[in-house]
>>> print(open('model.cif').read())   # mmCIF, C-alpha atoms
data_protein
loop_
_atom_site.label_atom_id
_atom_site.label_comp_id
_atom_site.auth_asym_id
_atom_site.auth_seq_id
_atom_site.Cartn_x
_atom_site.Cartn_y
_atom_site.Cartn_z
CA MET X 2 -68.00 -56.60 -39.64
CA PRO X 3 -67.82 -60.28 -38.57
CA VAL X 4 -65.47 -61.10 -35.70
CA THR X 5 -63.21 -63.34 -37.81
CA THR X 6 -62.50 -60.53 -40.28
CA GLY X 7 -61.50 -58.22 -37.44
CA ARG X 8 -59.24 -60.92 -36.01
CA ARG X 9 -57.75 -61.61 -39.38
CA ALA X 10 -57.05 -57.89 -39.90
CA ASP X 11 -55.41 -57.75 -36.45
CA ALA X 12 -53.28 -60.76 -37.30
CA GLN X 13 -52.21 -59.21 -40.61
CA ARG X 14 -51.30 -55.96 -38.86
CA ASN X 15 -49.31 -57.91 -36.26
CA VAL X 16 -47.44 -59.90 -38.90
CA ALA X 17 -46.61 -56.70 -40.81
CA ALA X 18 -45.46 -54.96 -37.59
CA ILE X 19 -43.32 -57.97 -36.62
CA LEU X 20 -41.68 -58.18 -40.07
CA ASP X 21 -41.03 -54.41 -40.12
CA ALA X 22 -39.54 -54.50 -36.61
CA ALA X 23 -37.50 -57.62 -37.35
CA GLY X 24 -36.08 -56.10 -40.54
CA ALA X 25 -35.17 -52.87 -38.73
CA ARG X 26 -33.63 -54.68 -35.74
CA LEU X 27 -31.70 -57.29 -37.76
CA VAL X 28 -29.98 -54.72 -40.01
CA ARG X 29 -28.66 -53.08 -36.81
CA ASP X 30 -27.84 -56.34 -35.03
CA PRO X 31 -27.91 -59.63 -36.99
CA ASP X 32 -28.11 -61.51 -33.65
CA ALA X 33 -31.18 -59.55 -32.41
CA SER X 34 -33.30 -61.85 -30.24
CA VAL X 35 -36.96 -62.72 -30.63
CA SER X 36 -37.65 -60.75 -27.41
CA ASP X 37 -35.95 -57.64 -28.82
CA ILE X 38 -37.97 -57.95 -32.01
CA ALA X 39 -41.28 -58.52 -30.18
CA THR X 40 -40.64 -55.43 -28.02
CA ALA X 41 -39.78 -53.34 -31.09
CA ALA X 42 -42.95 -54.59 -32.82
CA GLY X 43 -45.09 -53.76 -29.76
CA VAL X 44 -46.36 -57.34 -29.44
CA GLY X 45 -45.79 -60.05 -26.83
CA ARG X 46 -43.50 -63.01 -27.41
CA VAL X 47 -46.51 -65.34 -27.35
CA THR X 48 -48.15 -63.36 -30.16
CA LEU X 49 -44.91 -63.40 -32.15
CA TYR X 50 -44.49 -67.16 -31.71
CA GLY X 51 -48.14 -67.55 -32.77
CA HIS X 52 -47.12 -66.25 -36.21
CA PHE X 53 -43.51 -67.52 -36.44
CA ALA X 54 -42.76 -70.82 -34.73
CA SER X 55 -39.04 -70.05 -34.33
CA ARG X 56 -36.45 -67.31 -34.80
CA THR X 57 -35.32 -69.17 -37.93
CA GLU X 58 -38.82 -68.95 -39.43
CA LEU X 59 -38.94 -65.24 -38.64
CA VAL X 60 -35.53 -64.49 -40.20
CA ASP X 61 -36.60 -66.54 -43.23
CA ALA X 62 -39.81 -64.50 -43.62
CA VAL X 63 -37.91 -61.19 -43.31
CA PHE X 64 -35.43 -62.36 -45.93
CA VAL X 65 -38.21 -63.56 -48.28
CA ARG X 66 -39.80 -60.09 -48.11
CA ALA X 67 -36.46 -58.32 -48.62
CA MET X 68 -35.75 -60.49 -51.70
CA ALA X 69 -39.18 -59.70 -53.17
CA ARG X 70 -38.48 -55.98 -52.74
CA ALA X 71 -34.99 -56.37 -54.22
CA HIS X 72 -36.49 -58.14 -57.22
CA GLU X 73 -38.89 -55.22 -57.74
CA ALA X 74 -36.05 -52.68 -57.42
CA LEU X 75 -33.98 -54.56 -60.02
CA ASP X 76 -36.94 -54.43 -62.44
CA ALA X 77 -35.94 -50.80 -63.07
CA VAL X 78 -32.51 -51.78 -64.50
CA ASP X 79 -32.24 -51.38 -68.28
CA LEU X 80 -30.89 -54.71 -69.55
CA GLY X 81 -30.97 -53.69 -73.24
CA GLY X 82 -28.04 -52.77 -75.51
CA ASP X 83 -24.54 -54.21 -75.19
CA ALA X 84 -24.71 -57.16 -72.76
CA ARG X 85 -21.43 -56.14 -71.07
CA GLN X 86 -22.71 -52.64 -70.31
CA ALA X 87 -26.04 -54.11 -69.18
CA LEU X 88 -24.10 -56.45 -66.85
CA ALA X 89 -22.23 -53.47 -65.39
CA ARG X 90 -25.59 -51.73 -64.73
CA LEU X 91 -27.05 -54.88 -63.18
CA VAL X 92 -23.98 -55.31 -60.94
CA GLY X 93 -24.26 -51.67 -59.83
CA SER X 94 -27.92 -52.02 -58.85
CA SER X 95 -27.54 -55.53 -57.39
CA TRP X 96 -24.62 -54.35 -55.29
CA GLN X 97 -26.65 -51.39 -54.00
CA VAL X 98 -29.39 -53.79 -52.89
CA VAL X 99 -26.91 -56.25 -51.32
CA ASP X 100 -25.01 -53.42 -49.60
CA GLU X 101 -28.20 -51.88 -48.16
CA SER X 102 -29.35 -55.20 -46.74
CA ARG X 103 -25.89 -56.57 -45.96
CA MET X 104 -26.54 -56.98 -42.24
CA LEU X 105 -29.78 -58.76 -43.06
CA LEU X 106 -27.75 -61.10 -45.25
CA VAL X 107 -25.41 -61.67 -42.28
CA ALA X 108 -28.44 -62.46 -40.09
CA ALA X 109 -29.72 -64.86 -42.77
CA GLN X 110 -26.28 -66.52 -43.10
CA ARG X 111 -26.24 -67.12 -39.34
CA ALA X 112 -29.80 -68.49 -39.19
CA LEU X 113 -30.43 -70.25 -42.52
CA PRO X 114 -28.51 -72.89 -44.51
CA PRO X 115 -26.59 -71.52 -47.54
CA GLU X 116 -28.77 -73.53 -49.95
CA ARG X 117 -31.91 -71.83 -48.58
CA ILE X 118 -30.35 -68.39 -49.12
CA ARG X 119 -29.40 -69.38 -52.65
CA ASP X 120 -32.94 -70.69 -53.33
CA LEU X 121 -34.40 -67.36 -52.21
CA HIS X 122 -32.28 -65.67 -54.90
CA GLU X 123 -34.03 -67.61 -57.64
CA ASN X 124 -35.81 -64.61 -59.19
CA PRO X 125 -32.80 -62.27 -59.33
CA MET X 126 -30.70 -65.15 -60.63
CA ARG X 127 -33.21 -65.78 -63.43
CA ARG X 128 -32.62 -62.19 -64.53
CA VAL X 129 -28.83 -62.75 -64.52
CA ARG X 130 -29.32 -65.98 -66.49
CA SER X 131 -31.34 -64.27 -69.18
CA LEU X 132 -28.73 -61.52 -69.59
CA LEU X 133 -25.93 -64.12 -69.74
CA ASP X 134 -27.83 -66.10 -72.38
CA ARG X 135 -28.19 -62.97 -74.52
CA GLY X 136 -24.50 -62.09 -74.13
CA ARG X 137 -23.55 -65.66 -75.09
CA ALA X 138 -25.81 -65.51 -78.16
CA ASP X 139 -24.19 -62.17 -79.11
CA GLY X 140 -20.71 -63.71 -78.65
CA VAL X 141 -19.59 -61.20 -76.00
CA PHE X 142 -19.77 -63.73 -73.11
CA ARG X 143 -18.05 -67.11 -73.08
CA SER X 144 -20.08 -70.14 -74.19
CA ASP X 145 -17.51 -72.81 -73.31
CA LEU X 146 -18.60 -73.08 -69.66
CA PRO X 147 -22.09 -74.15 -68.44
CA ALA X 148 -24.54 -71.22 -68.10
CA ASP X 149 -25.53 -72.49 -64.62
CA TRP X 150 -21.92 -72.17 -63.56
CA LEU X 151 -21.59 -68.60 -64.83
CA VAL X 152 -24.79 -67.64 -62.98
CA ALA X 153 -23.23 -69.17 -59.84
CA VAL X 154 -20.06 -67.13 -60.42
CA PHE X 155 -22.16 -63.93 -60.52
CA TYR X 156 -23.93 -64.90 -57.28
CA THR X 157 -20.80 -66.00 -55.46
CA VAL X 158 -18.67 -62.99 -56.47
CA VAL X 159 -21.34 -60.45 -55.44
CA HIS X 160 -21.90 -62.20 -52.10
CA GLY X 161 -18.17 -62.73 -51.62
CA ALA X 162 -17.77 -58.96 -51.95
CA ALA X 163 -20.41 -58.44 -49.24
CA ASP X 164 -18.48 -60.81 -46.93
CA GLU X 165 -15.19 -59.02 -47.71
CA LEU X 166 -16.78 -55.65 -46.98
CA GLY X 167 -18.06 -57.02 -43.67
CA ALA X 168 -14.57 -58.31 -42.82
CA GLY X 169 -13.06 -54.89 -43.55
CA ARG X 170 -10.95 -56.23 -46.44
CA LEU X 171 -12.83 -54.39 -49.21
CA ALA X 172 -13.77 -50.69 -49.27
CA ALA X 173 -17.44 -49.94 -50.00
CA ASP X 174 -16.63 -47.51 -52.81
CA ALA X 175 -14.22 -49.96 -54.46
CA ALA X 176 -16.69 -52.87 -54.40
CA PRO X 177 -18.92 -52.25 -57.46
CA GLY X 178 -15.90 -51.56 -59.71
CA ALA X 179 -14.03 -54.64 -58.45
CA ILE X 180 -17.09 -56.89 -58.89
CA THR X 181 -17.84 -55.59 -62.38
CA ALA X 182 -14.22 -55.85 -63.57
CA THR X 183 -13.96 -59.40 -62.16
CA LEU X 184 -17.23 -60.62 -63.67
CA LEU X 185 -16.61 -59.05 -67.09
CA ALA X 186 -13.20 -60.77 -67.18
CA ALA X 187 -14.65 -64.09 -66.00
CA LEU X 188 -17.29 -63.90 -68.76
CA THR X 189 -14.93 -62.91 -71.61
CA PRO X 190 -14.65 -65.63 -74.30
CA PRO X 191 -11.21 -67.34 -74.44
CA GLY X 192 -8.94 -65.55 -76.91
CA ASP X 193 -10.76 -62.21 -76.53
CA PRO X 194 -9.08 -59.38 -74.60
CA VAL X 195 -10.29 -58.67 -71.05
CA PRO X 196 -12.15 -55.32 -71.13
CA ALA X 197 -10.47 -52.38 -69.37
CA PRO X 198 -12.38 -51.25 -66.25
CA VAL X 199 -14.47 -48.09 -66.83
CA MET T 15 3.41 -93.37 -13.75
CA PRO T 16 1.65 -90.63 -11.74
CA VAL T 17 -2.16 -90.67 -11.83
CA THR T 18 -2.42 -87.27 -13.57
CA THR T 19 -0.31 -88.45 -16.50
CA GLY T 20 -2.56 -91.50 -16.93
CA ARG T 21 -5.63 -89.28 -16.81
CA ARG T 22 -4.11 -86.87 -19.26
CA ALA T 23 -3.30 -89.71 -21.66
CA ASP T 24 -6.89 -90.99 -21.33
CA ALA T 25 -8.21 -87.51 -22.04
CA GLN T 26 -6.00 -87.18 -25.13
CA ARG T 27 -7.15 -90.57 -26.39
CA ASN T 28 -10.78 -89.55 -25.81
CA VAL T 29 -10.36 -86.25 -27.64
CA ALA T 30 -8.69 -88.01 -30.58
CA ALA T 31 -11.45 -90.67 -30.68
CA ILE T 32 -14.17 -88.00 -30.52
CA LEU T 33 -12.58 -85.92 -33.32
CA ASP T 34 -12.09 -89.03 -35.50
CA ALA T 35 -15.68 -90.17 -34.91
CA ALA T 36 -17.07 -86.66 -35.46
CA GLY T 37 -15.16 -86.27 -38.74
CA ALA T 38 -16.35 -89.67 -39.97
CA ARG T 39 -19.99 -89.06 -38.92
CA LEU T 40 -20.21 -85.47 -40.21
CA VAL T 41 -18.99 -86.32 -43.71
CA ARG T 42 -21.83 -88.86 -43.90
CA ASP T 43 -24.42 -86.62 -42.25
CA PRO T 44 -23.64 -82.91 -41.70
CA ASP T 45 -26.48 -82.79 -39.12
CA ALA T 46 -25.12 -85.72 -37.05
CA SER T 47 -26.01 -85.16 -33.38
CA VAL T 48 -23.66 -85.06 -30.41
CA SER T 49 -25.23 -88.34 -29.19
CA ASP T 50 -24.50 -90.04 -32.56
CA ILE T 51 -20.91 -88.83 -32.40
CA ALA T 52 -20.42 -89.88 -28.74
CA THR T 53 -21.75 -93.37 -29.56
CA ALA T 54 -19.48 -93.67 -32.60
CA ALA T 55 -16.50 -92.54 -30.46
CA GLY T 56 -17.33 -95.06 -27.73
CA VAL T 57 -17.63 -92.39 -25.04
CA GLY T 58 -20.57 -91.04 -23.06
CA ARG T 59 -22.22 -87.68 -23.74
CA VAL T 60 -20.93 -86.36 -20.42
CA THR T 61 -17.34 -87.21 -21.39
CA LEU T 62 -17.82 -85.57 -24.78
CA TYR T 63 -19.26 -82.40 -23.26
CA GLY T 64 -16.33 -82.42 -20.81
CA HIS T 65 -14.04 -81.81 -23.81
CA PHE T 66 -16.34 -79.80 -26.10
CA ALA T 67 -18.84 -77.51 -24.41
CA SER T 68 -21.24 -77.53 -27.39
CA ARG T 69 -21.84 -79.12 -30.77
CA THR T 70 -20.57 -75.87 -32.33
CA GLU T 71 -17.25 -76.19 -30.49
CA LEU T 72 -16.93 -79.79 -31.63
CA VAL T 73 -17.66 -78.99 -35.30
CA ASP T 74 -15.18 -76.11 -35.05
CA ALA T 75 -12.46 -78.45 -33.69
CA VAL T 76 -13.09 -81.03 -36.44
CA PHE T 77 -12.88 -78.30 -39.07
CA VAL T 78 -9.68 -76.85 -37.55
CA ARG T 79 -8.06 -80.29 -37.78
CA ALA T 80 -9.29 -80.85 -41.35
CA MET T 81 -7.91 -77.46 -42.42
CA ALA T 82 -4.51 -78.26 -40.86
CA ARG T 83 -4.41 -81.53 -42.82
CA ALA T 84 -5.50 -79.75 -46.01
CA HIS T 85 -2.72 -77.22 -45.53
CA GLU T 86 -0.19 -80.07 -45.24
CA ALA T 87 -1.59 -81.77 -48.36
CA LEU T 88 -1.29 -78.53 -50.35
CA ASP T 89 2.37 -78.25 -49.33
CA ALA T 90 3.05 -80.90 -51.99
CA VAL T 91 1.83 -78.65 -54.85
CA ASP T 92 4.63 -77.26 -57.04
CA LEU T 93 4.01 -73.51 -57.21
CA GLY T 94 7.08 -72.77 -59.34
CA GLY T 95 7.26 -71.91 -63.05
CA ASP T 96 4.54 -70.01 -64.95
CA ALA T 97 2.14 -68.56 -62.36
CA ARG T 98 -0.91 -69.45 -64.51
CA GLN T 99 0.09 -73.12 -64.70
CA ALA T 100 0.92 -73.10 -60.98
CA LEU T 101 -2.55 -71.66 -60.32
CA ALA T 102 -4.13 -74.46 -62.34
CA ARG T 103 -2.20 -77.03 -60.24
CA LEU T 104 -3.20 -75.30 -57.00
CA VAL T 105 -6.86 -75.22 -58.07
CA GLY T 106 -6.71 -78.93 -58.93
CA SER T 107 -5.31 -79.89 -55.52
CA SER T 108 -7.45 -77.39 -53.59
CA TRP T 109 -10.56 -78.68 -55.31
CA GLN T 110 -9.64 -82.27 -54.46
CA VAL T 111 -9.33 -81.30 -50.78
CA VAL T 112 -12.60 -79.30 -50.82
CA ASP T 113 -14.43 -82.08 -52.68
CA GLU T 114 -13.23 -84.78 -50.26
CA SER T 115 -14.35 -82.78 -47.23
CA ARG T 116 -17.37 -81.16 -48.88
CA MET T 117 -19.88 -82.60 -46.42
CA LEU T 118 -17.68 -81.43 -43.56
CA LEU T 119 -17.79 -77.96 -45.14
CA VAL T 120 -21.60 -78.25 -45.24
CA ALA T 121 -21.59 -79.21 -41.53
CA ALA T 122 -19.33 -76.24 -40.80
CA GLN T 123 -21.54 -73.87 -42.84
CA ARG T 124 -24.56 -74.99 -40.81
CA ALA T 125 -22.82 -74.67 -37.42
CA LEU T 126 -20.31 -71.81 -37.76
CA PRO T 127 -20.57 -68.21 -39.01
CA PRO T 128 -19.13 -67.63 -42.54
CA GLU T 129 -16.42 -65.32 -41.15
CA ARG T 130 -15.16 -68.10 -38.86
CA ILE T 131 -14.92 -70.50 -41.82
CA ARG T 132 -13.04 -67.87 -43.79
CA ASP T 133 -10.65 -67.24 -40.85
CA LEU T 134 -9.87 -70.96 -40.68
CA HIS T 135 -8.74 -70.76 -44.32
CA GLU T 136 -6.03 -68.24 -43.44
CA ASN T 137 -3.10 -70.58 -44.14
CA PRO T 138 -4.29 -71.88 -47.54
CA MET T 139 -5.22 -68.31 -48.49
CA ARG T 140 -1.72 -67.10 -47.63
CA ARG T 141 -0.44 -69.62 -50.19
CA VAL T 142 -2.88 -68.27 -52.81
CA ARG T 143 -1.83 -64.72 -51.97
CA SER T 144 1.84 -65.47 -52.47
CA LEU T 145 1.18 -67.09 -55.87
CA LEU T 146 -0.99 -64.13 -56.92
CA ASP T 147 1.71 -61.67 -55.86
CA ARG T 148 4.26 -63.52 -57.99
CA GLY T 149 1.92 -63.63 -61.00
CA ARG T 150 1.27 -59.89 -60.63
CA ALA T 151 5.01 -59.17 -60.42
CA ASP T 152 5.50 -61.30 -63.58
CA GLY T 153 2.69 -59.38 -65.34
CA VAL T 154 0.55 -62.47 -66.04
CA PHE T 155 -2.11 -61.59 -63.40
CA ARG T 156 -3.94 -58.27 -63.19
CA SER T 157 -2.54 -55.62 -60.84
CA ASP T 158 -5.38 -53.09 -61.21
CA LEU T 159 -7.55 -54.72 -58.51
CA PRO T 160 -6.58 -55.12 -54.81
CA ALA T 161 -4.68 -58.36 -54.06
CA ASP T 162 -7.02 -59.02 -51.09
CA TRP T 163 -9.95 -58.95 -53.47
CA LEU T 164 -8.38 -61.42 -55.91
CA VAL T 165 -7.62 -63.80 -53.00
CA ALA T 166 -11.30 -63.50 -52.01
CA VAL T 167 -12.33 -64.30 -55.60
CA PHE T 168 -10.25 -67.51 -55.45
CA TYR T 169 -11.86 -68.50 -52.14
CA THR T 170 -15.40 -67.62 -53.16
CA VAL T 171 -15.24 -69.31 -56.59
CA VAL T 172 -13.83 -72.60 -55.18
CA HIS T 173 -16.42 -72.66 -52.38
CA GLY T 174 -19.17 -71.56 -54.75
CA ALA T 175 -18.31 -74.61 -56.87
CA ALA T 176 -18.65 -76.86 -53.80
CA ASP T 177 -22.10 -75.37 -53.13
CA GLU T 178 -23.11 -75.83 -56.79
CA LEU T 179 -21.95 -79.44 -56.71
CA GLY T 180 -23.99 -80.00 -53.54
CA ALA T 181 -27.04 -78.46 -55.22
CA GLY T 182 -26.64 -80.77 -58.24
CA ARG T 183 -26.04 -77.85 -60.63
CA LEU T 184 -22.37 -78.66 -61.34
CA ALA T 185 -20.91 -82.07 -62.27
CA ALA T 186 -17.95 -83.22 -60.15
CA ASP T 187 -15.76 -83.92 -63.20
CA ALA T 188 -16.56 -80.51 -64.73
CA ALA T 189 -15.74 -78.58 -61.56
CA PRO T 190 -11.92 -78.26 -61.59
CA GLY T 191 -11.89 -77.19 -65.27
CA ALA T 192 -14.67 -74.65 -64.75
CA ILE T 193 -13.00 -73.20 -61.63
CA THR T 194 -9.58 -72.95 -63.32
CA ALA T 195 -10.95 -71.37 -66.52
CA THR T 196 -12.98 -68.87 -64.48
CA LEU T 197 -10.12 -67.88 -62.17
CA LEU T 198 -7.55 -67.58 -64.97
CA ALA T 199 -9.94 -65.28 -66.86
CA ALA T 200 -10.71 -63.25 -63.72
CA LEU T 201 -6.96 -62.80 -63.12
CA THR T 202 -6.00 -61.86 -66.71
CA PRO T 203 -4.76 -58.25 -67.02
CA PRO T 204 -7.13 -55.92 -68.94
CA GLY T 205 -6.23 -55.87 -72.64
CA ASP T 206 -4.65 -59.35 -72.55
CA PRO T 207 -6.50 -62.29 -74.15
CA VAL T 208 -8.30 -64.74 -71.84
CA PRO T 209 -6.36 -68.05 -71.95
CA ALA T 210 -8.04 -70.99 -73.67
CA PRO T 211 -9.00 -73.77 -71.22
CA VAL T 212 -6.57 -76.71 -71.31
#
>>> encode(input="model.cif", output="structure tokens")
Amino acid sequence: MPVTTGRRADAQRNVAAILDAAGARLVRDPDASVSDIATAAGVGRVTLYGHFASRTELVDAVFVRAMARAHEALDAVDLGGDARQALARLVGSSWQVVDESRMLLVAAQRALPPERIRDLHENPMRRVRSLLDRGRADGVFRSDLPADWLVAVFYTVVHGAADELGAGRLAADAAPGAITATLLAALTPPGDPVPAPV
Amino acid sequence: MPVTTGRRADAQRNVAAILDAAGARLVRDPDASVSDIATAAGVGRVTLYGHFASRTELVDAVFVRAMARAHEALDAVDLGGDARQALARLVGSSWQVVDESRMLLVAAQRALPPERIRDLHENPMRRVRSLLDRGRADGVFRSDLPADWLVAVFYTVVHGAADELGAGRLAADAAPGAITATLLAALTPPGDPVPAPV
């Protein structure tokens, strides 16, 4: 085996160990330092900085990986049938993902600009957009406001709930119901009755 | 005049000049440096750091002052009569304030944790809360979700609109209408029809 391949394999193992350690540390303490993370990963700070030039870059990479996993997890959600019921299912699963990685979101909010966090949600938001488009075509979601705006409302309400949970103003078990009821009402076409929460 | 009084007056003038300069610089460039701000204020960096120990402290102080002014501006909004129409007026004025200081909000989002920004909105949010309580008592706003949550929805939707505007996904002239229509729908009691946008 040529030397470079061995080195490359080592580097890949180090990067994986650093990302694993960073993810595990940041969900326990969103202010975890680079030194803490290097120690947890079993690598030196110099090695860590060889792969990630700054703490910001490292938090970004952890968040990118978490979003990719979230996207995969949300692939399992059945988005067929009535668009309102599909939305309720998507909120339930999205909330589970957000809730599980809430401290990582806090770490990201402290290290990255809001627009970067939003950009990293592009794939999940595309899924929301496609469901909204279908509900609008079926006449169960409002068509009088821009689709981009309604996608933003989904994003902002789910993340607002995560912030409220963190602040102790919203109970974890009340969150998915409150988010779903709020979004279904926000999406109801003018003149139609707001659906009763299930 | 005793020396200390003169020094105190100088210090107050310096603080005011620094806050004015910081506010003016940050709305043009949310990443404006401490050196830029000191130059614009006509003081040295050492003087500035004598009053604000860090850039974060300075941004915080600018934001505190902006929020106090916003709170005063919102005092002029008539919150009487039909709670839905009062909400539309409050959204219009709140949006105007948020839009005017949007770049300052961006600067704050980059320098301060989200929970600090939310805490600094306590006074405006108390106003929202009191209007929501009245609308719930009158039966025009939903009472089946926690009041804290509905206040959070107001906050998150208005700030979400500011982020969308910044990202170029929402037009400035469409924003107040979209926010109002969304919030009125989100607040409509289950079973009642969603009001048509005005």
>>> resolve_selection(input="model.cif", expression="the PyMOL selection byres ((chain T) within 6 of (chain X))", output="VMD selection string")
chain T and resid 124 127 170 174 196 199 to 200 204 to 210
>>> resolve_selection(input="model.cif", expression="the PyMOL selection byres ((chain T and resi 42-45) around 9)", output="ChimeraX atom specification")
/T:37-41,46-47,117-122,124
>>> resolve_selection(input="model.cif", expression="the PyMOL selection byres ((chain X and resi 12-17) around 10)", output="list in words")
Thr6, Gly7, Arg8, Arg9, Ala10, Asp11, Ala18, Ile19, Leu20, Asp21, Ala22, Ala23, Ala42, Gly43, Val44, Thr48, Leu49, Gly51, His52 and Phe53 of chain X
>>> atom_distance(input="model.cif", atom1="CA of Ala84 in chain X", atom2="CA of Ser131 in chain X")
10.4 Å
>>> atom_distance(input="model.cif", atom1="CA of Arg85 in chain X", atom2="CA of Ala163 in chain X")
22.0 Å
>>> residues_around(input="model.cif", residues="Trp109 in chain T", least_positions_apart="3", cutoff="7 Å", atoms="all atoms listed in the file", output="list in words")
Val105, Gly106, Val112, Asp113, Val172 and Pro190 of chain T
>>> atom_distance(input="model.cif", atom1="CA of Ala185 in chain T", atom2="CA of Ala148 in chain X")
12.8 Å
>>> axis_aligned_box(input="model.cif", around="range 108-111 of chain T", padding_each_side="8 Å", output="AutoDock Vina command-line options")
--center_x -9.0 --center_y -79.8 --center_z -53.0 --size_x 19.1 --size_y 20.9 --size_z 20.5
>>> closest_residue(input="model.cif", among="T:Val48, T:Val111, T:Leu146, T:Leu88", to="Leu72 in chain T", atoms="all atoms listed in the file")
T:Val48
>>> build_atoms(input="model.cif", residues="range 37-43 of chain X", atoms="all heavy atoms", output="PDB file, in the frame of the given file")
ATOM      1  N   ASP X  37     -36.232 -58.985 -28.308  1.00  0.00           N
ATOM      2  CA  ASP X  37     -35.950 -57.640 -28.820  1.00  0.00           C
ATOM      3  C   ASP X  37     -36.942 -57.268 -29.915  1.00  0.00           C
ATOM      4  O   ASP X  37     -37.469 -56.157 -29.957  1.00  0.00           O
ATOM      5  CB  ASP X  37     -34.558 -57.582 -29.501  1.00  0.00           C
ATOM      6  CG  ASP X  37     -33.418 -57.677 -28.513  1.00  0.00           C
ATOM      7  OD1 ASP X  37     -33.668 -57.487 -27.308  1.00  0.00           O
ATOM      8  OD2 ASP X  37     -32.272 -57.950 -28.946  1.00  0.00           O
ATOM      9  N   ILE X  38     -37.132 -58.216 -30.843  1.00  0.00           N
ATOM     10  CA  ILE X  38     -37.970 -57.950 -32.010  1.00  0.00           C
ATOM     11  C   ILE X  38     -39.430 -57.783 -31.590  1.00  0.00           C
ATOM     12  O   ILE X  38     -40.119 -56.861 -32.049  1.00  0.00           O
ATOM     13  CB  ILE X  38     -37.793 -59.063 -33.074  1.00  0.00           C
ATOM     14  CG1 ILE X  38     -36.370 -58.992 -33.649  1.00  0.00           C
ATOM     15  CG2 ILE X  38     -38.839 -58.947 -34.181  1.00  0.00           C
ATOM     16  CD1 ILE X  38     -35.946 -60.212 -34.471  1.00  0.00           C
ATOM     17  N   ALA X  39     -39.897 -58.636 -30.663  1.00  0.00           N
ATOM     18  CA  ALA X  39     -41.280 -58.520 -30.180  1.00  0.00           C
ATOM     19  C   ALA X  39     -41.496 -57.157 -29.525  1.00  0.00           C
ATOM     20  O   ALA X  39     -42.488 -56.474 -29.803  1.00  0.00           O
ATOM     21  CB  ALA X  39     -41.582 -59.655 -29.197  1.00  0.00           C
ATOM     22  N   THR X  40     -40.540 -56.741 -28.685  1.00  0.00           N
ATOM     23  CA  THR X  40     -40.640 -55.430 -28.020  1.00  0.00           C
ATOM     24  C   THR X  40     -40.712 -54.321 -29.068  1.00  0.00           C
ATOM     25  O   THR X  40     -41.575 -53.437 -28.996  1.00  0.00           O
ATOM     26  CB  THR X  40     -39.414 -55.208 -27.095  1.00  0.00           C
ATOM     27  OG1 THR X  40     -39.336 -56.305 -26.188  1.00  0.00           O
ATOM     28  CG2 THR X  40     -39.541 -53.903 -26.326  1.00  0.00           C
ATOM     29  N   ALA X  41     -39.803 -54.377 -30.052  1.00  0.00           N
ATOM     30  CA  ALA X  41     -39.780 -53.340 -31.090  1.00  0.00           C
ATOM     31  C   ALA X  41     -41.077 -53.324 -31.892  1.00  0.00           C
ATOM     32  O   ALA X  41     -41.506 -52.276 -32.374  1.00  0.00           O
ATOM     33  CB  ALA X  41     -38.577 -53.545 -32.006  1.00  0.00           C
ATOM     34  N   ALA X  42     -41.706 -54.494 -32.042  1.00  0.00           N
ATOM     35  CA  ALA X  42     -42.950 -54.590 -32.820  1.00  0.00           C
ATOM     36  C   ALA X  42     -44.164 -54.209 -31.977  1.00  0.00           C
ATOM     37  O   ALA X  42     -45.272 -54.081 -32.515  1.00  0.00           O
ATOM     38  CB  ALA X  42     -43.119 -55.999 -33.379  1.00  0.00           C
ATOM     39  N   GLY X  43     -43.979 -54.074 -30.652  1.00  0.00           N
ATOM     40  CA  GLY X  43     -45.090 -53.760 -29.760  1.00  0.00           C
ATOM     41  C   GLY X  43     -46.046 -54.928 -29.579  1.00  0.00           C
ATOM     42  O   GLY X  43     -47.247 -54.735 -29.379  1.00  0.00           O
TER      43      GLY X  43
END
